[in-house]
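*Asks:* I'd like to ask some things about the structure below.
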Amino acid sequence: MLDEWASNQSSEIPTEEDNEALVSGPQGVTRKSTNDIITVEELERNPSRNHGAVTSMAAGNNVILVGTDRGWIVRHDFSGIEPLELDLSTSRVGDQSIHRVFIDPGGRHCLAVVRSSTGVENHYIHTKWRKSRVLTKLKGLVINAVAWNRQFLSEAIAREILIGTAAGQLYETSLDEKDKREKPLKLLYDLTELQEPFVSLQMETTGAGQIFRYFIIGVTPTRLYTFTGTGTLEAVFTAYAERVVHFTELPGEMPGSEVHFSAKQRRSEHFAWLAGPGIYHGDLNCGTTNGEESFVENKSLIDYTKFGDGNDVKPCSLALTEFHFLLLYADRLKVVNRVSQRVVEERYFDTSLDHSCSVMLGLCTDAFGGAVYAFNENTIYEITVHDEGRDMWHVYLEMKDYVAALEHCRDALQRDRVYAAQAEAAFSAGDYTRAASFYAKTSSIATFEEIVLKFLKAGDQDALRTFLLRKLDNLGKEDRAQITMVSTWATELYLDKINQLLLDSSKQKGESCPKESSENLEYQKTLKEFRAFLSDCKDVLDEATTLKLLGSYGRVDELVFFAGLKEQHETVIHHYIQQGEAKKALAVLRRPSVSPELLYKFAPALMILDPYETVEYWMTASNLNPRRLIPALMRYSSEPHTQDEPHEAVKYLEFCIQRQQNEDSAVHNLLLSLYAKQDNERSLLRFLETKYGWGRPGRPDIFYDPKYALRLCLKEKRLRACVYIYSMMGMHEEAVALALQIDPELAKAEADKVEDDPDLQKKLWLMVAKHVIQQEKGVERENIQKAITFLKETDGLLKIEDILPFFPDFALIDDFKEAIAASLEDYNRQIEQLKQEMNDATRGADNIRRDISALTQRYAIVDRDEECAACGRGILTQQKMHGRGYTASMAAFYVFPCEHAFHAQCLISHVLKHTDENGRDCILDLQHRILEIVNSGMPVLSGRQSSMPDGDDVSVDSGRTAIDQLRAQLDDAIAGECPYCGELIINEIALPFISSEEQDLVNSWEIKR
């Protein structure tokens, strides 16, 4: 199977034989007919525009800068702008050639190095310019390499530009499109120990704000130098004046030596140096902060002989992509995988169409655009990389770098093949558990049955269990049947392993092995894993099958554990109760998912096992119905208890009644019965006397049944409690009779309670007196003295004559002489007091009759100029008032003892305005009735009754008419007291100063804005 898989994979990866199957393509490029990693297409023929042969080229941001051997610069902008042609040899004597051209990654700033027989000039060209500017400060410097600082690049300015010269010197300069003044040139570093030119430079920066870290690589034909530091570019190189410069030397001549960075997400990650003996490459760790040159890591050298051309054939140029080296030779382009170091593709440039050129000159990379260009003297080719990482998973797999292979997998099939290769490697090495983990991640390489048979043949059940568990992690929700079967199988394997470990542990204990043996530790670990497995798979395991398996292996604890997971709480609680573990059973009941019905069901058993913990749980539980717990409480109460043992049933019932304010009569009756059975009667009396319902609207003061309480107390001989219950039920005679059997003082207290019924109270005291007199056994005279003392305790309620019948007939009167004399004196005082009260009443009646007679003769003097207190007009003003029934020409008026006088109509109006609604209705009704009698002209009747027009009968006194009586009622209603001095004016204190009727007047005073 793996051979077939390997053969399938090998057919998908390009081999050297595939590379030889090349066909001639259009536009002078030889290409493959399959899906290649790269494509090479002719981009521009005659890029120099007939200004000579191309000598140098640079690219940036879809802009290509071409230099020719005649001193011309041609700028090709592929964004749609016409090419710019500049002649840098104007007015020069002799032959001139463009040595090198450079362009920043943004395609805006350009440098050109012009060499002639008279010297070297360096020109600066901006994308907006139509001509160049000669940099006089760079005159004479042969620039071989330029590194741009992308942190300081803008459309107008380029700062911290690093320049490498043919004299082995590094300079810093800046370019400004707007400032015509040339920027100063700073010498940063000079190769004094070796006379070699700098041929290539690369620079990367990290950081933000004002703090940057620089990572610089510069190469000569035989050495690679690394520089790093923080601050400014000048500060970085200044620091090397006091420390050694780190470099790597590779002997061998390489005229076209160059170094390149490959970027991912605009951050350089790899470098490659085209050196004499081969390609020196590695990783860039631009996150380092230790200030040393360790940012170059994982360095290695690839010899040119690996590329199949012999040691004498070397590439003339190099380009670096994420996973490949692009090596340019005179007539072809090779693509070498950076990881496998193998040639994966090869392209030949067909020069038959252009006889003037014979070799390729170089490669240049557009860092922003991502394109790679190859050029010769007359043509530019565009090299496009197509999904170069698609086969990297297989490259890493061949190298057995499985982690990297998985990172580069694109689909499930590729990952399956990587996992399968890992599994086979681990299985072959005998690491079955690790192999099981990888096999579980595959889905299409091998069937489930094939993999299982592998482990069964190997005889490793632990690995098989691992495979099943990992397979569960990779199955989807739609594979429910498979999940259930695999989970059940894994359960059985776990049980078999646990029992085997238990058996081995038992054998070792028999051999006196230490307790903490490795087998015992493994047993505990496996048991813990199994319980975790049950917890994870509780929803997919078949309940009946799993319980049957657990039972067949004798794993009772695990059976209970699984039952708890499946919320079979009744089974779990029943098991714990059988084991006598009440706390564990209560712990199950505390779970929110447990039904309260189970609490009531197991309450009797739990109260017998651990009454304290059970009651404590009940007191913390919510929404419990104490009535349903009564059977458990009664069963607990029926058990014998020691004298000092706290009664948990009483504690819980007291909690329900006192803290939860329970009003259930059954709960109160049960607590009463438990109190009645206690030796001490104080708790029972306190419970009977407490009114738990007092203050609750619509509820009785007590919730227990008094009749049941009476029967229970009589049965349990709790006589004091019976006395209280009799008294509470109003059966005071029975209460006193029973109290006399216990304590006469208690009977006296009961007799004193009936204060609102003197006759009953006297009767009760007579019962007590009879008992006191008849129960005394002492000397007769002493008994009489005690009886006399008892009379004093009654506060005069009983007299001597009341208790005399209780004494025997032969008792001597002399013994009662003092008591009888005191009684007679008391009677005499009462008679005298009644006489005095009668005389006082007679005098009072006489005074009242005299006052009545004086009232009929009372009068007031009214001045002629007296004014009405309401309207201000004279009281004696003549006015007819037929509405009041008066026919005199003088207006009716009222005069009060306070000397306030009112016209009758003014007084009525004032009272109607300030009295309440009932008084207003009464006054209006009386006026209406008087008016009806006057207007009807009916004769005035004398006697006890007079019939009114509306059918009402008005009672009248003898000698008074009906209209006189109505007028008297009206006078009482309006003139009972002075409206200015009486209650009417006092009630007006609570009224507002401004009434609702005066709101319009208030609004008229408002200031408008």
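Residue numbering restarts at 1 in every chain; chains get A, B, ... in the order shown in the structure tokens, and ligands count up from 1 in that same order.
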Set the distance at 8 Å and use only C-alpha atoms: which residues neighbour stretch 176-184 of chain A once local chain neighbours fewer than 6 positions away are removed? I'd like the list as JSON, numbers by chain.
*Replies:* {"A": [126, 135, 136, 137, 156, 157, 158]}
*Asks:* Name the residues in contact with stretch 735-750 of chain A at a cut-off of 7 Å, using only C-alpha atoms, excluding same-chain residues fewer than 5 positions from it; report them as a list in words.
*Replies:*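 Close residues of stretch 735-750 of chain A: Val723, Tyr726, Ser727, Leu764 and Val768 of chain A.
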*Asks:* Could you check the closest approach to A:Ala404 for each of A:His270, A:Gln579, A:Val339, A:Ala145 and tell me which residue wins, using only C-alpha atoms?
*Replies:*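 Closest candidate: A:Val339.
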*Asks:* With only C-alpha atoms as the counted atoms, please give the residues lying no more than 7 Å from stretch 38-53 of chain A, apart from itself and same-chain residues fewer than 5 positions off, as a list in words.
*Replies:*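 Selected residues are Gln27, Val29, Val66, Thr68, Asp69, Arg70, Trp72, Val74, Glu377, Asn378, Thr379, Ile380, Tyr381, Glu382, Ile383, Thr384, Val385 and His386 of chain A.
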*Asks:* Export N, CA, C and O atoms of the chosen residues as a short mmCIF file (atom, residue, chain, number, x, y, z; two decimals), in the first residue's frame?
*Replies:*
data_model
loop_
_atom_site.label_atom_id
_atom_site.label_comp_id
_atom_site.auth_asym_id
_atom_site.auth_seq_id
_atom_site.Cartn_x
_atom_site.Cartn_y
_atom_site.Cartn_z
N GLN A 27 8.13 32.66 -28.61
CA GLN A 27 8.91 33.83 -28.19
C GLN A 27 10.29 33.45 -27.66
O GLN A 27 10.81 34.07 -26.74
N VAL A 29 11.47 30.93 -25.86
CA VAL A 29 11.63 30.34 -24.53
C VAL A 29 11.25 28.88 -24.61
O VAL A 29 10.19 28.54 -25.16
N VAL A 66 16.95 50.51 -17.45
CA VAL A 66 17.93 49.83 -18.30
C VAL A 66 19.06 50.79 -18.62
O VAL A 66 18.84 51.97 -18.96
N THR A 68 22.71 51.23 -20.98
CA THR A 68 23.32 50.69 -22.21
C THR A 68 24.80 51.03 -22.27
O THR A 68 25.32 51.83 -21.47
N ASP A 69 25.47 50.41 -23.26
CA ASP A 69 26.90 50.63 -23.42
C ASP A 69 27.21 51.95 -24.12
O ASP A 69 28.38 52.29 -24.32
N ARG A 70 26.20 52.72 -24.50
CA ARG A 70 26.41 54.03 -25.13
C ARG A 70 26.10 55.18 -24.17
O ARG A 70 26.03 56.34 -24.57
N TRP A 72 23.24 55.57 -22.36
CA TRP A 72 21.82 55.92 -22.32
C TRP A 72 21.13 55.17 -21.16
O TRP A 72 21.49 54.04 -20.82
N VAL A 74 17.16 54.03 -20.13
CA VAL A 74 15.77 53.90 -20.59
C VAL A 74 14.94 53.41 -19.40
O VAL A 74 15.25 52.37 -18.80
N GLU A 377 21.59 41.33 -23.78
CA GLU A 377 21.88 42.63 -24.39
C GLU A 377 20.69 43.23 -25.13
O GLU A 377 20.60 44.45 -25.25
N ASN A 378 19.76 42.39 -25.61
CA ASN A 378 18.68 42.91 -26.45
C ASN A 378 17.26 42.55 -25.97
O ASN A 378 16.31 43.01 -26.59
N THR A 379 17.12 41.75 -24.94
CA THR A 379 15.80 41.25 -24.57
C THR A 379 15.65 41.17 -23.06
O THR A 379 16.62 40.87 -22.35
N ILE A 380 14.42 41.43 -22.62
CA ILE A 380 14.06 41.25 -21.21
C ILE A 380 13.00 40.16 -21.13
O ILE A 380 12.02 40.17 -21.87
N TYR A 381 13.22 39.21 -20.22
CA TYR A 381 12.27 38.13 -20.01
C TYR A 381 11.66 38.27 -18.61
O TYR A 381 12.36 38.61 -17.64
N GLU A 382 10.37 38.00 -18.52
CA GLU A 382 9.68 38.03 -17.21
C GLU A 382 9.50 36.60 -16.72
O GLU A 382 8.96 35.75 -17.44
N ILE A 383 9.96 36.36 -15.52
CA ILE A 383 9.86 35.03 -14.90
C ILE A 383 8.78 35.10 -13.82
O ILE A 383 8.91 35.87 -12.85
N THR A 384 7.72 34.33 -13.99
CA THR A 384 6.60 34.33 -13.05
C THR A 384 6.59 33.02 -12.26
O THR A 384 6.68 31.94 -12.86
N VAL A 385 6.51 33.13 -10.96
CA VAL A 385 6.48 31.95 -10.08
C VAL A 385 5.03 31.60 -9.79
O VAL A 385 4.25 32.45 -9.36
N HIS A 386 4.66 30.34 -10.01
CA HIS A 386 3.29 29.89 -9.84
C HIS A 386 3.21 28.89 -8.68
O HIS A 386 3.71 27.77 -8.78
#
*Asks:* Return the single residue from A:Thr365, A:Thr614, A:Asn623, A:Gln578 that is closest to A:Glu597, with distances computed using only C-alpha atoms.
*Replies:*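 The answer is A:Asn623, which sits nearest to A:Glu597.
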*Asks:* Using only C-alpha atoms, which of the listed residues (A:Cys981, A:Leu521, A:Cys537, A:Val452) sits closest to A:Asp473?
*Replies:*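 Using only C-alpha atoms, the shortest distance to A:Asp473 belongs to A:Cys537.
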